[in-house]
Amino acid sequence: MADVAIERGGDPDAAHAETTTGLSNTKLAMWLFLASECMLFGALITTYVLYRGRSLVGPYPADVFDIPYTSVSSFVLLASSLTMVLALSAAQQRESGRMRLWLLTTALLGMTFVGGQVYEFTAFAHEGLGLSTNLFGTTFYVLTGFHGVHVTVGVLMLLSLFGMSYARRLPDDPSFPIEMVGLYWHFVDIVWIVIFTVVYLVPTPNPGGAGGP
Amino acid sequence: MALEQRDAVDPAGHATAESHGPAHPSPKEYVRIGLILAVLTGLEVAASYAGVSGSILIPTLFILAVVKFAMVVLWFMHLKFDDRRFARFFVLGLSGAAVLYLVVLISSKVFL
């Protein structure tokens with residue numbers, strides 16, 4: 001049965017074409033998981049907005065944010081979404097060399113983003129913004145930290161796919177596992193689209209008087 | 001209707017060409033969409049530095065973010081091409097997040 005699944009593109013559910021929905025259970029589960037992740041990040045973003053501008057002591061967002069730097073990080077993550085779909089496209093055309101190249105590029109871009117976030121957190125900490133310094137610090141670190149963990153998990157999945165491809169442990173048509181990891185990867189990208197706007201670009205009123213970039 | 005849709009998807013959940021129009025985009029189209037996303041991000045950053053009032057800036061930023069979000073979901077995540085039931089599940093989660101956002105912020109009288 002498993003052999004049949006591998007022949008059909010690596011989707012174990014492909015061997016069970018007669019599902020009650022007529023859809024792949026694996027893909028359906030991934031979309032359900034992403035829907036639940038929407039709720040998680042929705043709650044974190046709501047909490048950030050609820051406490052926005054209510055810090056009684058600094059540093060405030062305008063004191064620490066470096067918008068040009070974060071904009072470059074955003075471009076990097078957007079670029080990684082593009083390289084991810086190019087990897088999928090290569091996989092669908094059975095071009096394993098090109099697929100590996102785009103997978104590795106996506107992972108490297110993801111690592112660049114995470115590295116940038118670590119640098120940003122370190123810089124903020126040096127400016128006196130800790131997790132419990134004020135409401136801004138708590139809500140900011142929890143929201144962006146959760147996102148960073150998701151990106152890190154995505155990088156690990158991409159590197160696993162890359163390693164499995166080299167070890168020839170992916171099916172002949174590897175497009176299904178790549179599509180599943182790609183869905184997760186694009187999800188962390190769309191979450192960042194919202195975070196970048198709400199947290200970094202929308203000006204924040206604060207007791208210090210300064211707001212936004 | 002449901003049976004028609006059921007017949008129109010392959011076992012991996014991909015819409016077939018005859019049921020939902022074209023197959024996944026070509027690499028060129030992906031690059032074009034990536035460039036549009038980059039331009040929109042540049043516009044967002046430029047708008048935040050333009051010095052316009054919050055009543056204009058905030059809706060502008062949100063419209064740009066929604067367009068970027070939709071482009072990634074529809075093209076890169078293939079919801080535009082896949083079976084519509086996947087989209088319904090995702091919209092369910094998004095709706096839950098939106099309701100949570102509105103209920104908490106309206107009840108707390110907090111607005112962006």
# chains A, B, ... in the order shown; residues from 1 in each chain; ligands from 1
>>> closest_atom_pairs(of="chain A", to="chain B", cutoff="7 Å", atoms="only C-alpha atoms", output="JSON lines")
{"residue": "A:Asp11", "atom": "CA", "partner": "B:Ala12", "partner_atom": "CA", "distance": 6.7}
{"residue": "A:Ala14", "atom": "CA", "partner": "B:Pro11", "partner_atom": "CA", "distance": 5.1}
{"residue": "A:Ala17", "atom": "CA", "partner": "B:Pro11", "partner_atom": "CA", "distance": 5.0}
{"residue": "A:Gly22", "atom": "CA", "partner": "B:Arg6", "partner_atom": "CA", "distance": 5.3}
{"residue": "A:Leu23", "atom": "CA", "partner": "B:Gly13", "partner_atom": "CA", "distance": 4.7}
{"residue": "A:Ser24", "atom": "CA", "partner": "B:Ala12", "partner_atom": "CA", "distance": 5.0}
{"residue": "A:Leu28", "atom": "CA", "partner": "B:Phe86", "partner_atom": "CA", "distance": 6.6}
{"residue": "A:Trp31", "atom": "CA", "partner": "B:Phe90", "partner_atom": "CA", "distance": 6.2}
{"residue": "A:Leu32", "atom": "CA", "partner": "B:Phe89", "partner_atom": "CA", "distance": 6.1}
{"residue": "A:Leu34", "atom": "CA", "partner": "B:Phe90", "partner_atom": "CA", "distance": 6.9}
{"residue": "A:Ala35", "atom": "CA", "partner": "B:Gly93", "partner_atom": "CA", "distance": 4.0}
{"residue": "A:Ser36", "atom": "CA", "partner": "B:Gly93", "partner_atom": "CA", "distance": 5.9}
{"residue": "A:Cys38", "atom": "CA", "partner": "B:Gly93", "partner_atom": "CA", "distance": 5.6}
{"residue": "A:Met39", "atom": "CA", "partner": "B:Ala97", "partner_atom": "CA", "distance": 4.8}
{"residue": "A:Gly42", "atom": "CA", "partner": "B:Ala97", "partner_atom": "CA", "distance": 4.7}
{"residue": "A:Ala43", "atom": "CA", "partner": "B:Ala97", "partner_atom": "CA", "distance": 6.9}
{"residue": "A:Thr46", "atom": "CA", "partner": "B:Tyr101", "partner_atom": "CA", "distance": 5.3}
{"residue": "A:Leu50", "atom": "CA", "partner": "B:Val110", "partner_atom": "CA", "distance": 6.3}
{"residue": "A:Phe75", "atom": "CA", "partner": "B:Ala38", "partner_atom": "CA", "distance": 6.6}
{"residue": "A:Leu82", "atom": "CA", "partner": "B:Gly34", "partner_atom": "CA", "distance": 5.9}
{"residue": "A:Val85", "atom": "CA", "partner": "B:Phe76", "partner_atom": "CA", "distance": 6.2}
{"residue": "A:Leu86", "atom": "CA", "partner": "B:Pro27", "partner_atom": "CA", "distance": 6.1}
{"residue": "A:Ser89", "atom": "CA", "partner": "B:Pro27", "partner_atom": "CA", "distance": 6.7}
{"residue": "A:Leu183", "atom": "CA", "partner": "B:Met77", "partner_atom": "CA", "distance": 5.8}
{"residue": "A:His186", "atom": "CA", "partner": "B:Met77", "partner_atom": "CA", "distance": 6.7}
{"residue": "A:Ile190", "atom": "CA", "partner": "B:Phe69", "partner_atom": "CA", "distance": 5.5}
{"residue": "A:Ile193", "atom": "CA", "partner": "B:Ala65", "partner_atom": "CA", "distance": 6.2}
{"residue": "A:Val194", "atom": "CA", "partner": "B:Ala65", "partner_atom": "CA", "distance": 6.5}
{"residue": "A:Thr197", "atom": "CA", "partner": "B:Leu61", "partner_atom": "CA", "distance": 6.6}
{"residue": "A:Leu201", "atom": "CA", "partner": "B:Ser48", "partner_atom": "CA", "distance": 5.9}
{"residue": "A:Val202", "atom": "CA", "partner": "B:Ile58", "partner_atom": "CA", "distance": 6.2}
{"residue": "A:Pro213", "atom": "CA", "partner": "B:Tyr49", "partner_atom": "CA", "distance": 6.7}
>>> select_by_dssp(residues="region 40-79 of chain A", states="helix (DSSP H, G or I)", output="NGL selection string")
:A and (40-50 or 61-64 or 67-79)
>>> write_last_selection(atoms="N, CA and C atoms", output="PDB file, in the first residue's frame")
ATOM      1  N   LEU A  40      -4.278  31.218  16.790  1.00  0.00           N
ATOM      2  CA  LEU A  40      -3.168  31.469  17.717  1.00  0.00           C
ATOM      3  C   LEU A  40      -2.580  32.854  17.469  1.00  0.00           C
ATOM      4  N   PHE A  41      -2.207  33.121  16.223  1.00  0.00           N
ATOM      5  CA  PHE A  41      -1.594  34.416  15.932  1.00  0.00           C
ATOM      6  C   PHE A  41      -2.617  35.548  16.025  1.00  0.00           C
ATOM      7  N   GLY A  42      -3.887  35.243  15.749  1.00  0.00           N
ATOM      8  CA  GLY A  42      -4.935  36.250  15.934  1.00  0.00           C
ATOM      9  C   GLY A  42      -4.986  36.694  17.391  1.00  0.00           C
ATOM     10  N   ALA A  43      -4.877  35.728  18.307  1.00  0.00           N
ATOM     11  CA  ALA A  43      -4.901  36.050  19.736  1.00  0.00           C
ATOM     12  C   ALA A  43      -3.673  36.875  20.124  1.00  0.00           C
ATOM     13  N   LEU A  44      -2.506  36.504  19.602  1.00  0.00           N
ATOM     14  CA  LEU A  44      -1.277  37.226  19.954  1.00  0.00           C
ATOM     15  C   LEU A  44      -1.292  38.662  19.388  1.00  0.00           C
ATOM     16  N   ILE A  45      -1.779  38.804  18.157  1.00  0.00           N
ATOM     17  CA  ILE A  45      -1.841  40.141  17.551  1.00  0.00           C
ATOM     18  C   ILE A  45      -2.883  40.993  18.284  1.00  0.00           C
ATOM     19  N   THR A  46      -4.009  40.384  18.637  1.00  0.00           N
ATOM     20  CA  THR A  46      -5.031  41.112  19.397  1.00  0.00           C
ATOM     21  C   THR A  46      -4.459  41.614  20.719  1.00  0.00           C
ATOM     22  N   THR A  47      -3.696  40.766  21.393  1.00  0.00           N
ATOM     23  CA  THR A  47      -3.097  41.164  22.671  1.00  0.00           C
ATOM     24  C   THR A  47      -2.128  42.324  22.475  1.00  0.00           C
ATOM     25  N   TYR A  48      -1.341  42.261  21.400  1.00  0.00           N
ATOM     26  CA  TYR A  48      -0.393  43.350  21.126  1.00  0.00           C
ATOM     27  C   TYR A  48      -1.152  44.668  20.929  1.00  0.00           C
ATOM     28  N   VAL A  49      -2.220  44.604  20.114  1.00  0.00           N
ATOM     29  CA  VAL A  49      -2.976  45.837  19.811  1.00  0.00           C
ATOM     30  C   VAL A  49      -3.687  46.339  21.068  1.00  0.00           C
ATOM     31  N   LEU A  50      -4.199  45.405  21.875  1.00  0.00           N
ATOM     32  CA  LEU A  50      -4.915  45.789  23.097  1.00  0.00           C
ATOM     33  C   LEU A  50      -4.016  46.605  24.027  1.00  0.00           C
ATOM     34  N   PRO A  61       8.171  51.832  21.324  1.00  0.00           N
ATOM     35  CA  PRO A  61       8.489  51.343  19.961  1.00  0.00           C
ATOM     36  C   PRO A  61       9.346  52.319  19.160  1.00  0.00           C
ATOM     37  N   ALA A  62       9.003  53.617  19.200  1.00  0.00           N
ATOM     38  CA  ALA A  62       9.748  54.593  18.394  1.00  0.00           C
ATOM     39  C   ALA A  62      11.209  54.719  18.845  1.00  0.00           C
ATOM     40  N   ASP A  63      11.493  54.315  20.091  1.00  0.00           N
ATOM     41  CA  ASP A  63      12.865  54.402  20.596  1.00  0.00           C
ATOM     42  C   ASP A  63      13.751  53.278  20.064  1.00  0.00           C
ATOM     43  N   VAL A  64      13.147  52.156  19.743  1.00  0.00           N
ATOM     44  CA  VAL A  64      13.966  50.982  19.399  1.00  0.00           C
ATOM     45  C   VAL A  64      13.824  50.488  17.955  1.00  0.00           C
ATOM     46  N   ILE A  67      13.130  50.716  11.205  1.00  0.00           N
ATOM     47  CA  ILE A  67      12.230  50.296  10.116  1.00  0.00           C
ATOM     48  C   ILE A  67      12.998  49.852   8.859  1.00  0.00           C
ATOM     49  N   PRO A  68      14.034  50.587   8.425  1.00  0.00           N
ATOM     50  CA  PRO A  68      14.761  50.107   7.231  1.00  0.00           C
ATOM     51  C   PRO A  68      15.303  48.689   7.417  1.00  0.00           C
ATOM     52  N   TYR A  69      15.845  48.408   8.607  1.00  0.00           N
ATOM     53  CA  TYR A  69      16.395  47.072   8.893  1.00  0.00           C
ATOM     54  C   TYR A  69      15.291  46.009   8.812  1.00  0.00           C
ATOM     55  N   THR A  70      14.155  46.282   9.472  1.00  0.00           N
ATOM     56  CA  THR A  70      13.064  45.307   9.474  1.00  0.00           C
ATOM     57  C   THR A  70      12.460  45.166   8.076  1.00  0.00           C
ATOM     58  N   SER A  71      12.493  46.259   7.296  1.00  0.00           N
ATOM     59  CA  SER A  71      11.973  46.178   5.920  1.00  0.00           C
ATOM     60  C   SER A  71      12.806  45.194   5.107  1.00  0.00           C
ATOM     61  N   VAL A  72      14.124  45.237   5.299  1.00  0.00           N
ATOM     62  CA  VAL A  72      14.995  44.297   4.580  1.00  0.00           C
ATOM     63  C   VAL A  72      14.652  42.858   4.993  1.00  0.00           C
ATOM     64  N   SER A  73      14.425  42.645   6.296  1.00  0.00           N
ATOM     65  CA  SER A  73      14.024  41.310   6.772  1.00  0.00           C
ATOM     66  C   SER A  73      12.731  40.864   6.110  1.00  0.00           C
ATOM     67  N   SER A  74      11.796  41.808   5.954  1.00  0.00           N
ATOM     68  CA  SER A  74      10.513  41.474   5.327  1.00  0.00           C
ATOM     69  C   SER A  74      10.713  41.076   3.869  1.00  0.00           C
ATOM     70  N   PHE A  75      11.580  41.817   3.175  1.00  0.00           N
ATOM     71  CA  PHE A  75      11.891  41.462   1.779  1.00  0.00           C
ATOM     72  C   PHE A  75      12.500  40.059   1.715  1.00  0.00           C
ATOM     73  N   VAL A  76      13.367  39.749   2.676  1.00  0.00           N
ATOM     74  CA  VAL A  76      14.018  38.425   2.702  1.00  0.00           C
ATOM     75  C   VAL A  76      12.977  37.316   2.847  1.00  0.00           C
ATOM     76  N   LEU A  77      12.015  37.525   3.759  1.00  0.00           N
ATOM     77  CA  LEU A  77      10.994  36.489   3.972  1.00  0.00           C
ATOM     78  C   LEU A  77      10.069  36.361   2.756  1.00  0.00           C
ATOM     79  N   LEU A  78       9.736  37.507   2.147  1.00  0.00           N
ATOM     80  CA  LEU A  78       8.920  37.458   0.920  1.00  0.00           C
ATOM     81  C   LEU A  78       9.661  36.715  -0.188  1.00  0.00           C
ATOM     82  N   ALA A  79      10.960  37.002  -0.303  1.00  0.00           N
ATOM     83  CA  ALA A  79      11.770  36.327  -1.328  1.00  0.00           C
ATOM     84  C   ALA A  79      11.792  34.822  -1.082  1.00  0.00           C
TER      85      ALA A  79
END
>>> residues_around(residues="region 93-109 of chain A", least_positions_apart="2", cutoff="6 Å", atoms="only C-alpha atoms", output="list of chain:residue names")
A:Ser80, A:Thr83, A:Met84, A:Ala87, A:Ala90, A:Ala91, A:Met111, A:Thr112, A:Val155, A:Leu158, A:Phe162
>>> write_last_selection(atoms="C-alpha atoms", output="CSV table (one decimal), in the first residue's frame")
chain,number,residue,atom,x,y,z
A,80,SER,CA,11.8,33.0,0.5
A,83,THR,CA,11.9,30.5,-3.9
A,84,MET,CA,9.6,28.0,-2.1
A,87,ALA,CA,11.1,24.6,-5.6
A,90,ALA,CA,10.8,22.3,-10.1
A,91,ALA,CA,9.6,19.3,-8.1
A,111,MET,CA,18.0,31.5,8.4
A,112,THR,CA,18.8,35.0,7.4
A,155,VAL,CA,13.8,26.0,8.2
A,158,LEU,CA,13.2,22.6,4.6
A,162,PHE,CA,16.9,18.9,1.3
>>> atom_distance(atom1="CA of Leu56 (chain A)", atom2="CA of Glu127 (chain A)")
16.5 Å
>>> residues_around(residues="Val153 (chain A)", least_positions_apart="6", cutoff="10 Å", atoms="only C-alpha atoms", output="PDB file with C-alpha atoms, in the first residue's frame")
ATOM      1  CA  GLY A 110      14.765  31.699   6.410  1.00  0.00           C
ATOM      2  CA  HIS A 147       6.682  33.819  14.816  1.00  0.00           C
ATOM      3  CA  LEU A 159      16.670  21.263   5.545  1.00  0.00           C
ATOM      4  CA  TYR A 184       3.474  25.966   6.215  1.00  0.00           C
ATOM      5  CA  TRP A 185       6.255  28.214   4.922  1.00  0.00           C
TER       6      TRP A 185
END
>>> atom_distance(atom1="CA of Gln92 (chain A)", atom2="CA of Ser175 (chain A)")
5.4 Å
>>> closest_residue(among="A:Val114, A:Leu143, A:Ala29, A:Ala123", to="Val199 (chain A)", atoms="only C-alpha atoms")
A:Leu143
>>> residues_around(residues="region 131-142 of chain A", least_positions_apart="4", cutoff="7 Å", atoms="only C-alpha atoms", output="list in words")
Thr47, Tyr48, Tyr51, Arg52, Arg54, Ser55, Val57 and Phe146 of chain A
>>> atom_distance(atom1="CA of Val191 (chain A)", atom2="CA of Leu170 (chain A)")
28.9 Å
